[in-house]
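Trainee: This is the content of input.tsv (TSV, C-alpha atoms and all ligand atoms):
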chain	number	residue	atom	x	y	z
A	1	MET	CA	-52.71	-119.88	-29.43
A	2	LEU	CA	-52.74	-117.99	-26.14
A	3	GLY	CA	-53.27	-114.22	-26.02
A	4	THR	CA	-51.51	-112.02	-23.49
A	5	PHE	CA	-52.58	-108.49	-22.62
A	6	GLN	CA	-50.16	-106.22	-20.75
A	7	VAL	CA	-50.64	-102.46	-20.36
A	8	PRO	CA	-49.60	-99.90	-17.74
A	9	SER	CA	-51.47	-100.44	-14.45
A	10	THR	CA	-52.51	-96.78	-14.44
A	11	ILE	CA	-53.70	-94.90	-17.53
A	12	ILE	CA	-55.28	-91.49	-17.01
A	13	VAL	CA	-57.05	-90.08	-20.08
A	14	GLY	CA	-58.50	-86.65	-20.76
A	15	GLY	CA	-57.82	-82.93	-20.91
A	16	GLY	CA	-55.67	-81.93	-17.92
A	17	ALA	CA	-54.33	-85.46	-17.21
A	18	ARG	CA	-50.81	-83.97	-17.15
A	19	ARG	CA	-51.61	-82.32	-13.81
A	20	GLU	CA	-51.63	-85.77	-12.17
A	21	VAL	CA	-47.87	-86.07	-12.71
A	22	ALA	CA	-46.78	-85.17	-9.18
A	23	ALA	CA	-49.40	-87.42	-7.57
A	24	GLN	CA	-48.24	-90.30	-9.75
A	25	ALA	CA	-44.57	-89.67	-8.93
A	26	GLN	CA	-45.46	-89.67	-5.24
A	27	ARG	CA	-47.44	-92.88	-5.61
A	28	LEU	CA	-44.27	-94.44	-7.05
A	29	GLY	CA	-42.26	-93.19	-4.05
A	30	ALA	CA	-39.99	-90.92	-6.09
A	31	ARG	CA	-38.37	-87.84	-4.51
A	32	ARG	CA	-35.96	-87.25	-7.41
A	33	VAL	CA	-36.96	-87.79	-11.03
A	34	LEU	CA	-35.33	-87.58	-14.44
A	35	LEU	CA	-37.49	-85.69	-16.95
A	36	VAL	CA	-36.68	-86.97	-20.46
A	37	THR	CA	-37.78	-84.66	-23.25
A	38	ASP	CA	-36.59	-82.86	-26.37
A	39	ALA	CA	-35.80	-79.35	-27.53
A	40	GLY	CA	-39.17	-78.87	-29.23
A	41	VAL	CA	-41.15	-79.65	-26.08
A	42	VAL	CA	-38.88	-77.34	-24.08
A	43	LYS	CA	-39.49	-74.55	-26.61
A	44	LEU	CA	-43.26	-74.89	-26.25
A	45	GLY	CA	-42.93	-74.34	-22.49
A	46	VAL	CA	-44.48	-77.71	-21.68
A	47	ALA	CA	-41.34	-79.12	-20.03
A	48	ALA	CA	-41.20	-76.10	-17.72
A	49	GLU	CA	-44.86	-76.54	-16.80
A	50	ILE	CA	-44.35	-80.20	-15.87
A	51	ALA	CA	-41.12	-79.44	-13.96
A	52	ALA	CA	-42.99	-76.73	-12.00
A	53	LEU	CA	-45.79	-79.15	-11.06
A	54	LEU	CA	-43.18	-81.57	-9.70
A	55	ASP	CA	-41.22	-78.85	-7.96
A	56	GLU	CA	-44.35	-77.59	-6.15
A	57	ALA	CA	-44.80	-81.09	-4.76
A	58	GLY	CA	-41.22	-81.13	-3.45
A	59	ILE	CA	-39.90	-83.51	-6.09
A	60	ALA	CA	-36.42	-82.69	-7.46
A	61	VAL	CA	-36.19	-82.72	-11.26
A	62	ALA	CA	-33.15	-83.35	-13.47
A	63	VAL	CA	-33.82	-82.63	-17.16
A	64	LEU	CA	-32.47	-84.44	-20.22
A	65	ASP	CA	-33.69	-82.32	-23.14
A	66	SER	CA	-31.35	-83.53	-25.88
A	67	VAL	CA	-33.27	-86.55	-27.17
A	68	GLN	CA	-33.31	-86.47	-30.98
A	69	PRO	CA	-35.90	-87.86	-33.42
A	70	ASP	CA	-35.12	-91.58	-33.93
A	71	PRO	CA	-33.45	-91.67	-30.50
A	72	THR	CA	-29.98	-93.19	-30.38
A	73	ASP	CA	-27.82	-95.25	-28.05
A	74	ARG	CA	-25.94	-92.00	-27.33
A	75	ASN	CA	-29.11	-90.26	-26.09
A	76	VAL	CA	-29.65	-93.24	-23.80
A	77	ALA	CA	-26.06	-93.10	-22.48
A	78	ASP	CA	-26.41	-89.36	-21.72
A	79	GLY	CA	-29.64	-89.98	-19.83
A	80	LEU	CA	-28.23	-92.86	-17.86
A	81	ALA	CA	-25.24	-90.77	-16.75
A	82	LEU	CA	-27.53	-87.95	-15.61
A	83	LEU	CA	-29.90	-90.34	-13.84
A	84	ARG	CA	-26.99	-91.84	-11.90
A	85	SER	CA	-25.31	-88.57	-11.01
A	86	GLN	CA	-28.63	-87.15	-9.72
A	87	ARG	CA	-29.63	-90.43	-8.04
A	88	CYS	CA	-33.09	-90.31	-9.64
A	89	GLU	CA	-35.69	-92.79	-8.43
A	90	ALA	CA	-38.12	-92.59	-11.34
A	91	LEU	CA	-38.34	-91.19	-14.88
A	92	ILE	CA	-40.86	-88.98	-16.58
A	93	ALA	CA	-40.99	-89.06	-20.38
A	94	LEU	CA	-42.54	-86.02	-22.03
A	95	GLY	CA	-42.79	-85.83	-25.82
A	96	GLY	CA	-43.46	-87.96	-28.87
A	97	GLY	CA	-42.32	-91.53	-29.25
A	98	SER	CA	-38.64	-90.52	-29.25
A	99	PRO	CA	-38.35	-89.21	-25.66
A	100	ILE	CA	-40.66	-91.97	-24.43
A	101	ASP	CA	-38.62	-94.74	-26.08
A	102	ALA	CA	-35.35	-93.17	-24.88
A	103	ALA	CA	-36.72	-93.00	-21.32
A	104	LYS	CA	-37.77	-96.66	-21.49
A	105	ALA	CA	-34.24	-97.67	-22.48
A	106	ILE	CA	-32.66	-95.47	-19.79
A	107	ALA	CA	-35.01	-96.99	-17.18
A	108	VAL	CA	-34.11	-100.52	-18.28
A	109	LEU	CA	-30.35	-99.87	-18.18
A	110	SER	CA	-30.68	-98.37	-14.69
A	111	LYS	CA	-31.29	-101.93	-13.42
A	112	ASN	CA	-29.82	-104.16	-16.16
A	113	ALA	CA	-26.30	-104.55	-17.55
A	114	GLU	CA	-25.18	-102.68	-20.68
A	115	PRO	CA	-25.06	-102.83	-23.68
A	116	LEU	CA	-28.65	-102.31	-24.77
A	117	ALA	CA	-28.11	-104.36	-27.96
A	118	GLN	CA	-28.26	-107.62	-25.98
A	119	TYR	CA	-31.97	-106.98	-25.35
A	120	ILE	CA	-33.01	-106.74	-29.02
A	121	GLY	CA	-35.99	-108.95	-29.75
A	122	TYR	CA	-38.73	-110.40	-27.60
A	123	HIS	CA	-38.66	-110.74	-23.80
A	124	LYS	CA	-34.87	-110.52	-23.37
A	125	ILE	CA	-34.76	-107.98	-20.51
A	126	PRO	CA	-34.16	-109.79	-17.19
A	127	GLN	CA	-35.08	-107.17	-14.56
A	128	PRO	CA	-37.66	-104.36	-14.32
A	129	GLY	CA	-36.13	-100.90	-14.60
A	130	LEU	CA	-36.88	-97.80	-12.53
A	131	PRO	CA	-40.57	-96.76	-12.82
A	132	LEU	CA	-41.53	-94.51	-15.72
A	133	ILE	CA	-44.43	-92.08	-16.13
A	134	ALA	CA	-45.09	-91.51	-19.84
A	135	MET	CA	-46.74	-88.32	-21.10
A	136	PRO	CA	-47.22	-88.19	-24.88
A	137	THR	CA	-47.31	-84.82	-26.64
A	138	THR	CA	-48.17	-86.30	-30.07
A	139	ALA	CA	-51.17	-88.45	-30.93
A	140	GLY	CA	-49.23	-91.14	-32.71
A	141	THR	CA	-46.88	-93.80	-31.47
A	142	GLY	CA	-48.87	-95.09	-28.49
A	143	SER	CA	-45.49	-95.69	-26.86
A	144	GLU	CA	-46.96	-94.47	-23.54
A	145	VAL	CA	-48.89	-97.74	-23.20
A	146	SER	CA	-46.70	-100.14	-25.20
A	147	ARG	CA	-44.09	-102.67	-24.10
A	148	ALA	CA	-41.91	-101.88	-27.11
A	149	ALA	CA	-39.04	-99.44	-27.64
A	150	VAL	CA	-36.94	-98.66	-30.70
A	151	ILE	CA	-33.45	-97.16	-30.33
A	152	THR	CA	-31.02	-96.52	-33.18
A	153	ASP	CA	-27.66	-98.27	-32.97
A	154	THR	CA	-25.39	-95.55	-34.35
A	155	GLN	CA	-22.53	-97.98	-35.09
A	156	ARG	CA	-24.53	-100.35	-37.25
A	157	ASP	CA	-27.21	-98.00	-38.67
A	158	ILE	CA	-30.05	-100.24	-37.52
A	159	LYS	CA	-33.04	-99.68	-35.31
A	160	MET	CA	-32.92	-101.94	-32.26
A	161	MET	CA	-36.45	-103.18	-31.59
A	162	MET	CA	-37.12	-104.46	-28.10
A	163	LEU	CA	-40.31	-105.85	-26.65
A	164	SER	CA	-40.66	-106.78	-22.98
A	165	ALA	CA	-43.12	-106.26	-20.15
A	166	HIS	CA	-40.22	-104.45	-18.42
A	167	LEU	CA	-40.56	-101.66	-21.01
A	168	LEU	CA	-44.12	-100.85	-19.89
A	169	PRO	CA	-44.46	-97.48	-18.19
A	170	ALA	CA	-45.82	-97.61	-14.65
A	171	ALA	CA	-48.30	-94.89	-15.56
A	172	ALA	CA	-49.46	-93.11	-18.73
A	173	LEU	CA	-50.97	-89.62	-18.62
A	174	VAL	CA	-52.82	-89.18	-21.90
A	175	ASP	CA	-53.71	-85.50	-22.21
A	176	TYR	CA	-54.87	-84.31	-25.64
A	177	GLU	CA	-54.28	-80.68	-24.60
A	178	LEU	CA	-50.55	-81.38	-25.08
A	179	THR	CA	-51.20	-82.09	-28.78
A	180	MET	CA	-53.08	-78.90	-29.67
A	181	SER	CA	-50.01	-77.18	-31.11
A	182	MET	CA	-48.83	-80.04	-33.36
A	183	PRO	CA	-48.33	-78.66	-36.90
A	184	PRO	CA	-50.47	-80.23	-39.68
A	185	GLY	CA	-47.63	-82.23	-41.30
A	186	LEU	CA	-46.73	-83.90	-38.00
A	187	THR	CA	-50.41	-84.40	-37.15
A	188	ALA	CA	-50.91	-86.21	-40.46
A	189	ALA	CA	-47.82	-88.42	-40.22
A	190	VAL	CA	-48.36	-89.52	-36.62
A	191	GLY	CA	-52.07	-89.96	-37.34
A	192	VAL	CA	-51.32	-92.44	-40.12
A	193	ASP	CA	-48.89	-94.18	-37.76
A	194	THR	CA	-51.78	-94.58	-35.34
A	195	MET	CA	-54.00	-95.98	-38.09
A	196	THR	CA	-51.23	-98.38	-39.11
A	197	HIS	CA	-51.06	-99.63	-35.51
A	198	GLY	CA	-54.80	-100.28	-35.53
A	199	ILE	CA	-54.73	-102.04	-38.92
A	200	GLU	CA	-51.62	-104.13	-38.24
A	201	ALA	CA	-52.80	-105.09	-34.75
A	202	TYR	CA	-56.07	-106.33	-36.28
A	203	VAL	CA	-54.61	-108.33	-39.19
A	204	SER	CA	-51.61	-109.68	-37.23
A	205	ARG	CA	-51.28	-113.44	-36.87
A	206	ARG	CA	-51.00	-112.77	-33.13
A	207	ALA	CA	-54.25	-110.80	-32.86
A	208	HIS	CA	-56.62	-112.09	-30.19
A	209	GLY	CA	-59.93	-111.38	-28.52
A	210	LEU	CA	-58.59	-108.68	-26.22
A	211	THR	CA	-56.71	-106.78	-28.94
A	212	ASP	CA	-59.35	-106.96	-31.72
A	213	PRO	CA	-61.97	-104.56	-30.25
A	214	ILE	CA	-59.33	-102.04	-29.23
A	215	ALA	CA	-57.65	-102.17	-32.65
A	216	LEU	CA	-60.97	-101.61	-34.41
A	217	SER	CA	-61.92	-98.77	-32.08
A	218	CYS	CA	-58.57	-97.16	-32.95
A	219	VAL	CA	-59.30	-97.41	-36.70
A	220	HIS	CA	-62.82	-96.10	-36.17
A	221	LEU	CA	-61.58	-93.05	-34.25
A	222	VAL	CA	-58.99	-92.34	-36.96
A	223	ALA	CA	-61.69	-92.57	-39.64
A	224	ARG	CA	-63.79	-90.10	-37.72
A	225	HIS	CA	-61.17	-87.57	-36.64
A	226	LEU	CA	-57.93	-87.62	-38.68
A	227	ARG	CA	-59.03	-85.52	-41.65
A	228	THR	CA	-60.73	-83.05	-39.28
A	229	VAL	CA	-57.70	-82.64	-37.05
A	230	PHE	CA	-55.54	-82.05	-40.12
A	231	SER	CA	-57.75	-79.24	-41.47
A	232	GLU	CA	-58.89	-77.87	-38.07
A	233	PRO	CA	-55.92	-78.09	-35.70
A	234	HIS	CA	-57.79	-76.35	-32.89
A	235	ASN	CA	-60.74	-78.75	-32.91
A	236	LYS	CA	-60.66	-80.16	-29.36
A	237	GLU	CA	-63.05	-83.03	-29.99
A	238	ALA	CA	-60.96	-84.24	-32.94
A	239	ARG	CA	-57.68	-83.84	-31.00
A	240	ALA	CA	-59.18	-85.80	-28.07
A	241	GLY	CA	-60.37	-88.50	-30.51
A	242	MET	CA	-56.94	-88.88	-32.12
A	243	MET	CA	-55.20	-88.98	-28.72
A	244	LEU	CA	-57.51	-91.78	-27.62
A	245	ALA	CA	-56.95	-93.56	-30.96
A	246	ALA	CA	-53.17	-93.36	-30.48
A	247	CYS	CA	-53.45	-94.81	-26.98
A	248	GLN	CA	-55.72	-97.63	-28.18
A	249	GLY	CA	-53.44	-98.34	-31.14
A	250	GLY	CA	-50.51	-98.65	-28.74
A	251	MET	CA	-52.41	-101.03	-26.46
A	252	ALA	CA	-53.50	-103.16	-29.41
A	253	PHE	CA	-50.22	-103.54	-31.34
A	254	SER	CA	-48.17	-103.93	-28.18
A	255	ASN	CA	-50.15	-107.09	-27.43
A	256	SER	CA	-50.73	-108.50	-30.91
A	257	SER	CA	-47.66	-107.13	-32.70
A	258	VAL	CA	-47.12	-104.91	-35.70
A	259	CYS	CA	-46.47	-106.59	-39.05
A	260	LEU	CA	-44.89	-105.97	-42.42
A	261	VAL	CA	-45.43	-102.19	-42.68
A	262	HIS	CA	-43.51	-101.56	-39.48
A	263	GLY	CA	-40.91	-104.17	-40.37
A	264	MET	CA	-40.18	-102.35	-43.67
A	265	SER	CA	-40.57	-98.90	-42.16
A	266	ARG	CA	-37.78	-99.12	-39.57
A	267	PRO	CA	-34.93	-99.56	-42.13
A	268	ILE	CA	-36.17	-96.47	-44.04
A	269	GLY	CA	-36.00	-94.52	-40.78
A	270	ALA	CA	-32.60	-95.91	-39.82
A	271	ILE	CA	-30.99	-95.13	-43.19
A	272	PHE	CA	-32.82	-92.08	-44.54
A	273	HIS	CA	-34.12	-90.58	-41.27
A	274	VAL	CA	-37.62	-90.34	-42.64
A	275	ALA	CA	-40.04	-89.78	-39.74
A	276	HIS	CA	-41.65	-93.01	-38.53
A	277	GLY	CA	-45.24	-92.05	-39.32
A	278	LEU	CA	-44.32	-90.89	-42.81
A	279	SER	CA	-42.36	-94.04	-43.65
A	280	ASN	CA	-45.39	-96.10	-42.56
A	281	ALA	CA	-47.72	-93.97	-44.65
A	282	VAL	CA	-45.71	-94.44	-47.85
A	283	LEU	CA	-45.63	-98.22	-47.38
A	284	LEU	CA	-49.16	-98.88	-46.14
A	285	PRO	CA	-51.06	-98.99	-49.48
A	286	ALA	CA	-48.58	-101.31	-51.25
A	287	VAL	CA	-48.16	-103.62	-48.26
A	288	THR	CA	-51.94	-103.79	-47.79
A	289	ARG	CA	-52.44	-104.72	-51.47
A	290	PHE	CA	-49.84	-107.50	-51.06
A	291	SER	CA	-51.35	-108.82	-47.82
A	292	ILE	CA	-55.08	-108.84	-48.62
A	293	PRO	CA	-55.25	-112.30	-50.27
A	294	ALA	CA	-54.22	-113.92	-46.97
A	295	ALA	CA	-56.83	-112.15	-44.81
A	296	VAL	CA	-59.70	-110.94	-46.98
A	297	GLU	CA	-62.30	-110.89	-44.19
A	298	ARG	CA	-60.11	-108.93	-41.80
A	299	TYR	CA	-59.18	-106.33	-44.42
A	300	ALA	CA	-62.86	-106.06	-45.37
A	301	VAL	CA	-63.69	-105.15	-41.78
A	302	ILE	CA	-60.97	-102.47	-41.87
A	303	ALA	CA	-62.27	-101.10	-45.18
A	304	ARG	CA	-65.81	-100.86	-43.77
A	305	THR	CA	-64.56	-99.25	-40.56
A	306	LEU	CA	-62.67	-96.66	-42.59
A	307	GLY	CA	-65.67	-96.17	-44.86
A	308	CYS	CA	-63.72	-96.72	-48.08
A	309	CYS	CA	-66.08	-99.21	-49.75
A	310	ARG	CA	-69.74	-99.35	-50.73
A	311	ALA	CA	-72.13	-100.38	-47.95
A	312	ASP	CA	-73.28	-103.48	-49.88
A	313	ALA	CA	-69.78	-104.59	-50.95
A	314	SER	CA	-68.83	-108.26	-50.50
A	315	ASP	CA	-65.78	-109.01	-48.34
A	316	GLN	CA	-63.67	-109.40	-51.48
A	317	GLU	CA	-64.87	-106.10	-52.95
A	318	ALA	CA	-64.49	-104.25	-49.64
A	319	ALA	CA	-60.93	-105.54	-49.10
A	320	GLU	CA	-59.94	-104.69	-52.66
A	321	ALA	CA	-61.17	-101.12	-52.22
A	322	LEU	CA	-58.91	-100.60	-49.21
A	323	PRO	CA	-55.51	-99.80	-50.87
A	324	ALA	CA	-57.07	-97.05	-53.00
A	325	GLY	CA	-58.79	-95.67	-49.89
A	326	LEU	CA	-55.45	-95.56	-48.08
A	327	GLU	CA	-53.79	-93.84	-51.06
A	328	LYS	CA	-56.56	-91.25	-51.08
A	329	LEU	CA	-56.11	-90.62	-47.36
A	330	ASN	CA	-52.36	-90.05	-47.89
A	331	ALA	CA	-53.16	-87.63	-50.71
A	332	ASP	CA	-55.78	-85.77	-48.64
A	333	LEU	CA	-53.23	-85.43	-45.84
A	334	GLN	CA	-50.61	-84.19	-48.35
A	335	LEU	CA	-48.23	-87.03	-47.47
A	336	PRO	CA	-45.61	-87.57	-50.23
A	337	ARG	CA	-44.53	-90.81	-51.87
A	338	LEU	CA	-41.24	-92.35	-50.74
A	339	ARG	CA	-39.21	-90.80	-53.58
A	340	ALA	CA	-40.38	-87.33	-52.52
A	341	CYS	CA	-39.52	-87.65	-48.81
A	342	ARG	CA	-36.78	-85.35	-47.64
A	343	GLY	CA	-33.43	-87.11	-47.33
A	344	VAL	CA	-34.26	-89.96	-49.73
A	345	ASP	CA	-32.23	-90.24	-52.92
A	346	GLN	CA	-32.58	-92.78	-55.69
A	347	ALA	CA	-28.95	-93.91	-56.05
A	348	ARG	CA	-28.64	-94.55	-52.33
A	349	PHE	CA	-32.04	-96.27	-52.31
A	350	GLU	CA	-30.87	-98.72	-54.99
A	351	ASP	CA	-27.63	-99.32	-53.05
A	352	VAL	CA	-29.39	-100.21	-49.81
A	353	VAL	CA	-32.70	-101.73	-50.86
A	354	GLU	CA	-31.43	-105.31	-50.39
A	355	LYS	CA	-29.97	-104.48	-46.97
A	356	MET	CA	-33.26	-102.83	-45.98
A	357	ALA	CA	-35.14	-106.00	-46.97
A	358	ALA	CA	-32.73	-108.17	-44.98
A	359	ASP	CA	-33.01	-105.86	-41.93
A	360	ALA	CA	-36.80	-105.89	-42.23
A	361	MET	CA	-36.87	-109.70	-42.26
A	362	ALA	CA	-34.46	-109.87	-39.30
A	363	SER	CA	-36.73	-107.65	-37.17
A	364	GLY	CA	-39.32	-110.43	-36.87
A	365	SER	CA	-42.28	-108.17	-37.72
A	366	PRO	CA	-42.87	-109.50	-41.29
A	367	GLN	CA	-43.40	-112.97	-39.81
A	368	ASN	CA	-46.56	-111.69	-38.04
A	369	ASN	CA	-48.04	-110.46	-41.33
A	370	PRO	CA	-51.07	-112.34	-42.67
A	371	ARG	CA	-49.04	-113.02	-45.86
A	372	ILE	CA	-45.41	-113.70	-44.95
A	373	PRO	CA	-43.08	-112.27	-47.62
A	374	THR	CA	-39.70	-113.42	-48.90
A	375	ALA	CA	-36.82	-110.93	-48.94
A	376	ALA	CA	-37.25	-110.63	-52.72
A	377	GLU	CA	-40.94	-109.74	-52.27
A	378	ILE	CA	-39.96	-107.06	-49.74
A	379	VAL	CA	-37.55	-105.54	-52.27
A	380	LYS	CA	-40.42	-105.46	-54.76
A	381	LEU	CA	-42.70	-103.76	-52.23
A	382	TYR	CA	-40.06	-101.09	-51.50
A	383	ARG	CA	-39.94	-100.41	-55.23
A	384	GLU	CA	-43.74	-100.21	-55.44
A	385	ALA	CA	-43.75	-97.64	-52.63
A	386	TRP	CA	-41.02	-95.66	-54.35
A	401	ZN	ZN	-45.64	-97.12	-35.41
How would this structure read if it were set down as structure tokens?
Ligand SMILES: [Zn+2]
Mentor:
Amino acid sequence: MLGTFQVPSTIIVGGGARREVAAQAQRLGARRVLLVTDAGVVKLGVAAEIAALLDEAGIAVAVLDSVQPDPTDRNVADGLALLRSQRCEALIALGGGSPIDAAKAIAVLSKNAEPLAQYIGYHKIPQPGLPLIAMPTTAGTGSEVSRAAVITDTQRDIKMMMLSAHLLPAAALVDYELTMSMPPGLTAAVGVDTMTHGIEAYVSRRAHGLTDPIALSCVHLVARHLRTVFSEPHNKEARAGMMLAACQGGMAFSNSSVCLVHGMSRPIGAIFHVAHGLSNAVLLPAVTRFSIPAAVERYAVIARTLGCCRADASDQEAAEALPAGLEKLNADLQLPRLRACRGVDQARFEDVVEKMAADAMASGSPQNNPRIPTAAEIVKLYREAW
């Protein structure tokens, strides 16, 4: 099997990377840009800081600040209308995965026909969009370096997953200073999302020699820094470590694919609006337990990297210790079980669990899992995570 590795051609990492935004916009030849962000980032004053940096360089800025968590086709339509009316030549995404994914979709539709739904799946987007500079403000999704985007279809209540080289940002500015004010709950949820990217990228059937070392480095950084950053939010070294982990997780999964956890996680987000990182966290232990028999060696490496087995454990023993280690991490980070997540109720869960399993299968991600489940097995796993 061939391995492909595609990442943004420019990635700038480190404290203060955000100040390169105007230079990068100029490199891309943009005199007018659309800044895609959300209300939370505006409130923190970060959007104003970035707009001022662009303004000082003589670049006109139009701002879309209405992107919601789990961004929707409507957010994308609003952005596209603004981009056209202001004749923007490039986009800047500032925020967590939601503004970055929304900006990717807006950029694509600026040069490709609507509707977006025709591009669901792998490599369906015909033309590159306008260039995008991605600036994450959470250490989580890795969307700044990935060729994937997820947009909610508000008519059908599904998350549209798209993967294409045309979704890659032209540049990523990875500045941990933008994450210093993340509250602990968000830090924990997006941190487990990052770890899930590292784990799934490493156990994926599409993993290859360029993704493996990056995926493992991601898991290693999470092992070293996630608990610290949760209990010491102002620890710069730990914030920098998690930001790097998120970026590496994005690079790894974007090129080897996510698997069953993400496949099952998206329907929970689409139906119950549970945050992406949290829905991964509640599924990860059960899905790992299910998947281990098909990839014992790989899960053993993960267990050793996370330090959740004895040093002299055999591969089998190390792998078997992993689900409990993941459950303990969730508990240490005060992440709830599925039944305790806000917005989730048992009657509705029972109503939709079969649809969620069908949607998960249809997304294609479960087919990259080391152990490929049936729809009935997915239903069982949802119940185990409950
Ligand atoms: Zn994710």
Trainee: Using only C-alpha atoms and all ligand atoms, which protein or nucleic acid residues are at most 9 Å from ligand ZN 401 (chain A), as a PyMOL selection string?
Mentor: chain A and resi 97+140-143+190+192-197+249-250+253+258+261-262+265+276-277+280
Trainee: Neighbours of Asn112 (chain A) within 8 Å (all atoms listed in the file; same-chain residues fewer than 4 positions away dropped), as a list in words?
Mentor: Val108, Ile125, Pro126, Gln127 and Gly129 of chain A
Trainee: Can you tell me which residues surround Leu28 (chain A) at a distance of at most 12 Å, considering only C-alpha atoms, apart from same-chain residues fewer than 2 positions away, and format the answer as a list of chain:residue names?
Mentor: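 In the requested format, the answer is A:Ser9, A:Thr10, A:Val21, A:Ala22, A:Ala23, A:Gln24, A:Ala25, A:Gln26, A:Ala30, A:Arg31, A:Arg32, A:Val33, A:Ile59, A:Glu89, A:Ala90, A:Leu91, A:Ile92, A:Leu130, A:Pro131, A:Leu132, A:Ile133, A:Pro169, A:Ala170, A:Ala171.
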Trainee: Restricted to C-alpha atoms, what would the selected residues look like written as a CSV table (one decimal), keeping the file's coordinate frame?
Mentor:
chain,number,residue,atom,x,y,z
A,9,SER,CA,-51.5,-100.4,-14.4
A,10,THR,CA,-52.5,-96.8,-14.4
A,21,VAL,CA,-47.9,-86.1,-12.7
A,22,ALA,CA,-46.8,-85.2,-9.2
A,23,ALA,CA,-49.4,-87.4,-7.6
A,24,GLN,CA,-48.2,-90.3,-9.8
A,25,ALA,CA,-44.6,-89.7,-8.9
A,26,GLN,CA,-45.5,-89.7,-5.2
A,30,ALA,CA,-40.0,-90.9,-6.1
A,31,ARG,CA,-38.4,-87.8,-4.5
A,32,ARG,CA,-36.0,-87.2,-7.4
A,33,VAL,CA,-37.0,-87.8,-11.0
A,59,ILE,CA,-39.9,-83.5,-6.1
A,89,GLU,CA,-35.7,-92.8,-8.4
A,90,ALA,CA,-38.1,-92.6,-11.3
A,91,LEU,CA,-38.3,-91.2,-14.9
A,92,ILE,CA,-40.9,-89.0,-16.6
A,130,LEU,CA,-36.9,-97.8,-12.5
A,131,PRO,CA,-40.6,-96.8,-12.8
A,132,LEU,CA,-41.5,-94.5,-15.7
A,133,ILE,CA,-44.4,-92.1,-16.1
A,169,PRO,CA,-44.5,-97.5,-18.2
A,170,ALA,CA,-45.8,-97.6,-14.6
A,171,ALA,CA,-48.3,-94.9,-15.6
Trainee: Write out as a list in words each polymer residue whose atoms come within 10 Å of Ile50 (chain A), counting all atoms listed in the file; drop sequence neighbours fewer than 5 positions from it.
Mentor: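 Surrounding residues, per the criterion: Arg18, Arg19, Glu20, Val21, Ala22, Leu35, Gly45, Asp55, Val61, Ile92, Leu94 and Met135 of chain A.
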Trainee: Using only C-alpha atoms, can you tell me which of A:Ala324, A:Ala93, A:Ala300, A:Ala347 comes closest to Leu173 (chain A)?
Mentor: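 Among A:Ala324, A:Ala93, A:Ala300, A:Ala347, it is A:Ala93 that comes nearest to Leu173 (chain A).
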Trainee: With distances taken over all atoms listed in the file, which residue among A:Tyr119, A:Val41, A:Asn75, A:Leu80 lies nearest Ala102 (chain A)?
Mentor: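 Looking only at the distances to Ala102 (chain A), the closest residue turns out to be A:Asn75.
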Trainee: At what distance in Å, to one decimal, does CA of Leu186 (chain A) lie from CA of Gln68 (chain A)?
Mentor: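 For CA of Gln68 (chain A) relative to CA of Leu186 (chain A), the distance reads 15.4 Å.
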Trainee: What does the distance from CA of Gly3 (chain A) to CA of Ala117 (chain A) come to in Å, to one decimal?
Mentor: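 Distance reported for this atom pair: 27.1 Å.
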Trainee: Which centre and which edge lengths, in Å to one decimal, describe the axis-aligned box that holds all listed atoms of region 155-163 of chain A after 5 Å is added on each side, as lines of an AutoDock Vina configuration file?
Mentor:
center_x = -31.4
center_y = -101.9
center_z = -32.7
size_x = 27.8
size_y = 17.9
size_z = 22.0
Trainee: Counting only C-alpha atoms, which of A:Arg206, A:Arg304, A:Lys159, A:Lys236 gets nearest to His220 (chain A)?
Mentor: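 Selected residue with least distance to His220 (chain A): A:Arg304.
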Trainee: What lies within 12 Å of Glu384 (chain A) using only C-alpha atoms, ignoring chain neighbours under 6 positions off, as a list of chain:residue names?
Mentor: A:Val282, A:Leu283, A:Leu284, A:Pro285, A:Ala286, A:Val287, A:Thr288, A:Arg289, A:Phe290, A:Arg337, A:Leu338, A:Arg339, A:Glu377, A:Ile378
